[in-house]
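Input: a single structure, listed below in structure tokens.
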Amino acid sequence: MVPSRLLSSLLALPVLAFFSLSASALPRPRTASSTAALKLAVRINSYGIKNIAAADRARIQVLQAGGSASVNATNTVTTYTASIGVGSPATYYTLLVDTGSSNTWIGGNKAYTQTTASRDTLNKFKVPYADGSSVSGEEYTDTVTLNSDLVIENQSIGVASKTSGMGGLDGIFGLGPADLTQGIVDDAYEVATVMDNLYTQKQISSEVLGVFFAPASSDDSSGELTFGSYDASKITGSINYVPITSAYPANTFWGINQSIRYGSTPILDETAGIVDTGTTLILIASDAFNLYQSATGATLDKTTGLLQISPDQYEQLSSLYFTIGGITYELTPNGQIWPRSLNSAIGGTTDNIYLVVSDSGDSSGSGLDFTNGYCFLERFYSVYDTTNS
Ligand SMILES: *[C@@H]1O[C@H](CO)[C@@H](O)[C@H](O)[C@H]1NC(C)=O
Ligand SMILES: *[C@@H]1O[C@H](CO)[C@@H](O)[C@H](O)[C@H]1NC(C)=O
Ligand SMILES: *[C@@H]1O[C@H](CO)[C@@H](O)[C@H](O)[C@H]1NC(C)=O
């Protein structure tokens, strides 16, 4: 087993600004071969989420308790999905991309088609949801195809017999560290993740994943995973590597240290938290959230659970600065507001201005004091490097 959590590091670097990102018609050279890239599709949830902040908080409270939790897809607004082949010949399944969990499983919607490559391990698996229920079924090994060129043999995958909350998706593509697979599959201490096997089966030369999400409200809501490297055409500036945080429980995830200030006002001193594609918002500890709320003058909207500001307050809004490994990333006022075209998807009022920074529900010092979710990752390219520490 690769002790991924100790060897891992996360690097995050600013990409071009919001509009430059979506307006790009430039050629896109890659450092990795283009076959190592997997296009993502974005889905805008139409399940009519009530209180997105409470839904995000419920997931994070499970993670704060040191557990793994499956994403409830009916509770995320913008969901990035990848089409993953299982079996030989492959049947393709639409899976939610999740860096906050590490088991890959199917069976949520489309039935599992077995082939001669499919082997039943006779072990049961069970992944909890934040609401106390779980997805469960049988663990198989099978051939997994990420695109026509990246083929993994004997990948451990769950085949769910009991699932809920997947909103028409087939399952989860787990991209978290291997330690999060502990306790999920009977009779297996850990299972090798898709990333682990890509590396050990020499499909990629470094266990590195690049994650590119475009803002969901833009015209070009594309996303892309790059295996074995990152896509140099999607970033500017130099790479900032930081080690995985030493603080538990953030260190069992893609956990980093970060401090946050609003304009020149400190909001959160350097502390540990996580980067998570399975969370919609940016969640921060309650004490930090209170400072942010008073600095912005926002009021809490009961319907969406989000902070709300007036157009005048928006004009006065300062940037929010995230400092990671000594490098500061600026989330502009525009980056701090929920895309208004998606207000109805969260039960909001059309012209209202909601903020994407929300309360984690716990005071700082929990060992998981922030979660940089989609609303952060749509603005900054992130690279997850297990091999190069
Ligand atoms: C997959 O499992 C089969 C049967 O146990 C074995 O023959 C094969 O070598 C394995 N492939 C890899 C890449 O481990
Ligand atoms: C998913 O979220 C919905 C909406 O909050 C809730 O009704 C449902 O019980 C949740 N399902 C699971 C499995 O967590
Ligand atoms: C990160 O923050 C935690 C919690 O404040 C601290 O214990 C640790 O020393 C910091 N540095 C690293 C590299 O984890």
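Chain labels follow the order of the structure tokens: the first chain is A, the next B, and so on; residue numbering restarts at 1 in every chain, and ligands are counted from 1 in their shown order.
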For chain A versus ligand 2, which residues have an atom no more than 7 Å away, and what is each residue's nearest atom pair and distance in Å rounded to one decimal, using only C-alpha atoms and all ligand atoms, chain-then-number order, as CSV?
```
residue,atom,partner,partner_atom_place_in_ligand_line,distance
A:Ile49,CA,ligand 2,4 (C),6.6
A:Ala55,CA,ligand 2,5 (O),6.4
A:Asn72,CA,ligand 2,1 (C),5.0
A:Thr74,CA,ligand 2,2 (O),5.5
A:Asn75,CA,ligand 2,2 (O),5.2
A:Tyr129,CA,ligand 2,14 (O),5.1
A:Ala130,CA,ligand 2,14 (O),5.8
A:Asp131,CA,ligand 2,14 (O),4.8
A:Ser133,CA,ligand 2,13 (C),5.7
A:Ser134,CA,ligand 2,13 (C),6.5
A:Ser164,CA,ligand 2,13 (C),4.7
A:Gly165,CA,ligand 2,11 (N),4.2
```
Name each residue within 7 Å of ligand 3, counting only C-alpha atoms and all ligand atoms, as a list in words.
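The neighbouring residues of ligand 3 are, in order, Pro243, Ile244, Thr245, Ser246, Ala247, Asn257, Glu270, Thr271, Ala272 and Gly367 of chain A.
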Restricted to N, CA, C and O atoms, what would the selected residues look like written as a PDB file, in the first residue's frame?
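As written to disk, again.pdb reads:
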```pdb
ATOM      1  N   PRO A 243       2.399  20.565   1.898  1.00  0.00           N
ATOM      2  CA  PRO A 243       2.226  19.200   2.412  1.00  0.00           C
ATOM      3  C   PRO A 243       0.811  19.003   2.952  1.00  0.00           C
ATOM      4  O   PRO A 243       0.131  19.975   3.300  1.00  0.00           O
ATOM      5  N   ILE A 244       0.407  17.740   3.032  1.00  0.00           N
ATOM      6  CA  ILE A 244      -0.829  17.423   3.728  1.00  0.00           C
ATOM      7  C   ILE A 244      -0.680  17.885   5.174  1.00  0.00           C
ATOM      8  O   ILE A 244       0.382  17.741   5.778  1.00  0.00           O
ATOM      9  N   THR A 245      -1.729  18.484   5.711  1.00  0.00           N
ATOM     10  CA  THR A 245      -1.675  18.959   7.088  1.00  0.00           C
ATOM     11  C   THR A 245      -1.417  17.816   8.055  1.00  0.00           C
ATOM     12  O   THR A 245      -1.748  16.657   7.765  1.00  0.00           O
ATOM     13  N   SER A 246      -0.839  18.145   9.206  1.00  0.00           N
ATOM     14  CA  SER A 246      -0.610  17.104  10.211  1.00  0.00           C
ATOM     15  C   SER A 246      -1.827  16.943  11.124  1.00  0.00           C
ATOM     16  O   SER A 246      -1.905  16.002  11.909  1.00  0.00           O
ATOM     17  N   ALA A 247      -2.788  17.848  11.036  1.00  0.00           N
ATOM     18  CA  ALA A 247      -3.902  17.841  12.002  1.00  0.00           C
ATOM     19  C   ALA A 247      -5.011  16.857  11.620  1.00  0.00           C
ATOM     20  O   ALA A 247      -5.495  16.857  10.494  1.00  0.00           O
ATOM     21  N   ASN A 257      -3.271  23.288   5.285  1.00  0.00           N
ATOM     22  CA  ASN A 257      -3.379  24.437   6.174  1.00  0.00           C
ATOM     23  C   ASN A 257      -3.649  25.682   5.352  1.00  0.00           C
ATOM     24  O   ASN A 257      -3.122  25.830   4.246  1.00  0.00           O
ATOM     25  N   GLU A 270      -4.157  30.641  10.550  1.00  0.00           N
ATOM     26  CA  GLU A 270      -3.765  29.401   9.874  1.00  0.00           C
ATOM     27  C   GLU A 270      -4.223  28.173  10.650  1.00  0.00           C
ATOM     28  O   GLU A 270      -3.948  28.025  11.841  1.00  0.00           O
ATOM     29  N   THR A 271      -4.945  27.318   9.939  1.00  0.00           N
ATOM     30  CA  THR A 271      -5.504  26.130  10.564  1.00  0.00           C
ATOM     31  C   THR A 271      -5.750  25.074   9.495  1.00  0.00           C
ATOM     32  O   THR A 271      -5.583  25.333   8.306  1.00  0.00           O
ATOM     33  N   ALA A 272      -6.143  23.874   9.943  1.00  0.00           N
ATOM     34  CA  ALA A 272      -6.310  22.759   9.016  1.00  0.00           C
ATOM     35  C   ALA A 272      -7.739  22.641   8.508  1.00  0.00           C
ATOM     36  O   ALA A 272      -8.698  22.917   9.230  1.00  0.00           O
ATOM     37  N   GLY A 367      -9.864  20.641  13.952  1.00  0.00           N
ATOM     38  CA  GLY A 367      -9.030  19.801  13.093  1.00  0.00           C
ATOM     39  C   GLY A 367      -9.549  19.738  11.673  1.00  0.00           C
ATOM     40  O   GLY A 367      -8.944  19.106  10.802  1.00  0.00           O
TER      41      GLY A 367
END
```
Which residues sit within 9 Å of ligand 1, counting only C-alpha atoms and all ligand atoms, listed as a CSV table (one decimal) with N, CA and C atoms, in the first residue's frame?
```csv
chain,number,residue,atom,x,y,z
A,117,ALA,N,-14.3,-10.3,-17.2
A,117,ALA,CA,-13.3,-9.6,-16.4
A,117,ALA,C,-13.9,-9.4,-15.0
A,119,ARG,N,-15.2,-10.1,-11.3
A,119,ARG,CA,-15.0,-11.2,-10.2
A,119,ARG,C,-15.6,-10.7,-8.9
A,141,THR,N,-14.0,-7.1,-8.3
A,141,THR,CA,-12.9,-6.5,-9.0
A,141,THR,C,-13.3,-6.7,-10.5
A,142,ASP,N,-12.9,-5.6,-11.2
A,142,ASP,CA,-13.2,-5.6,-12.6
A,142,ASP,C,-12.3,-4.7,-13.4
A,143,THR,N,-12.3,-4.8,-14.7
A,143,THR,CA,-11.6,-3.9,-15.5
A,143,THR,C,-12.3,-2.5,-15.5
A,152,ILE,N,-7.5,-0.1,-16.4
A,152,ILE,CA,-7.0,-0.7,-15.2
A,152,ILE,C,-7.6,-2.1,-15.0
A,153,GLU,N,-6.8,-3.1,-14.7
A,153,GLU,CA,-7.3,-4.4,-14.4
A,153,GLU,C,-7.5,-4.6,-12.9
A,154,ASN,N,-8.5,-5.5,-12.6
A,154,ASN,CA,-8.7,-5.9,-11.2
A,154,ASN,C,-8.9,-4.7,-10.2
A,155,GLN,N,-9.6,-3.7,-10.7
A,155,GLN,CA,-9.9,-2.6,-9.8
A,155,GLN,C,-11.0,-3.0,-8.8
A,197,ASN,N,-4.1,2.2,-8.5
A,197,ASN,CA,-3.9,1.2,-9.6
A,197,ASN,C,-3.4,1.8,-10.9
A,200,THR,N,0.3,1.9,-10.0
A,200,THR,CA,1.0,0.6,-9.9
A,200,THR,C,1.0,-0.2,-11.2
A,201,GLN,N,-0.1,0.0,-12.0
A,201,GLN,CA,-0.1,-0.7,-13.3
A,201,GLN,C,0.5,0.1,-14.4
```
Record the distance separating atom CA of A:Leu268 and atom CA of A:Gly305, expressed in Å with one decimal.
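Pair atom CA of A:Leu268 / atom CA of A:Gly305 returns 21.1 Å.
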DSSP-assigned helix (DSSP H, G or I) members of stretch 41-208 of chain A, reported as a list in words
Ile52, Ala53, Ala54, Ala55, Asp56, Arg57, Ala58, Arg59, Ile60, Gln61, Val62, Leu63, Gln64, Ala73, Thr74, Asn75, Ala178, Asp179, Leu180, Thr181, Val194, Met195, Asp196, Asn197, Leu198, Tyr199 and Thr200 of chain A
Selection near A:Leu342, 12 Å with only C-alpha atoms, sequence-local residues under 6 positions removed, as a ChimeraX atom specification:
/A:43-46,48-49,77-78,215-218,304,348-354
Taking only residues of stretch 232-305 of chain A that have an atom at most 10 Å from an atom of stretch 314-335 of chain A, what is each one's shortest atom pair and its distance in Å to one decimal, using only C-alpha atoms, in chain and number order, as a Markdown table?
```
| residue | atom | partner | partner_atom | distance |
| --- | --- | --- | --- | --- |
| A:Ile239 | CA | A:Ile327 | CA | 9.9 |
| A:Asn240 | CA | A:Gly325 | CA | 7.2 |
| A:Tyr241 | CA | A:Gly325 | CA | 7.3 |
| A:Val242 | CA | A:Gly325 | CA | 5.6 |
| A:Pro243 | CA | A:Gly325 | CA | 8.5 |
| A:Ile256 | CA | A:Ile324 | CA | 7.8 |
| A:Asn257 | CA | A:Ile324 | CA | 6.4 |
| A:Gln258 | CA | A:Ile324 | CA | 4.8 |
| A:Ser259 | CA | A:Thr323 | CA | 5.2 |
| A:Ile260 | CA | A:Phe322 | CA | 4.7 |
| A:Arg261 | CA | A:Tyr321 | CA | 5.2 |
| A:Tyr262 | CA | A:Leu320 | CA | 4.5 |
| A:Gly263 | CA | A:Ser318 | CA | 5.3 |
| A:Ser264 | CA | A:Tyr321 | CA | 8.9 |
| A:Thr265 | CA | A:Leu320 | CA | 9.4 |
| A:Pro266 | CA | A:Tyr321 | CA | 9.3 |
| A:Ile267 | CA | A:Leu320 | CA | 9.2 |
| A:Leu268 | CA | A:Phe322 | CA | 9.4 |
| A:Asp269 | CA | A:Thr323 | CA | 9.8 |
| A:Glu270 | CA | A:Thr323 | CA | 8.2 |
| A:Tyr292 | CA | A:Leu320 | CA | 9.3 |
| A:Ala295 | CA | A:Leu317 | CA | 9.0 |
| A:Thr296 | CA | A:Leu317 | CA | 6.5 |
| A:Gly297 | CA | A:Leu317 | CA | 9.4 |
| A:Ala298 | CA | A:Tyr314 | CA | 9.6 |
```
Nearest residue to A:Gly158 out of A:Asn343, A:Thr104, A:Thr145, A:Gln336, using only C-alpha atoms?
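Once distances to A:Gly158 are computed over only C-alpha atoms, the minimum belongs to A:Thr104.
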Using only C-alpha atoms: which of A:Val151, A:Ala36, A:Gly107, A:Ser68 has the shortest distance to A:Asp231
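Of A:Val151, A:Ala36, A:Gly107, A:Ser68, the one nearest A:Asp231, counting only C-alpha atoms, is A:Ala36.
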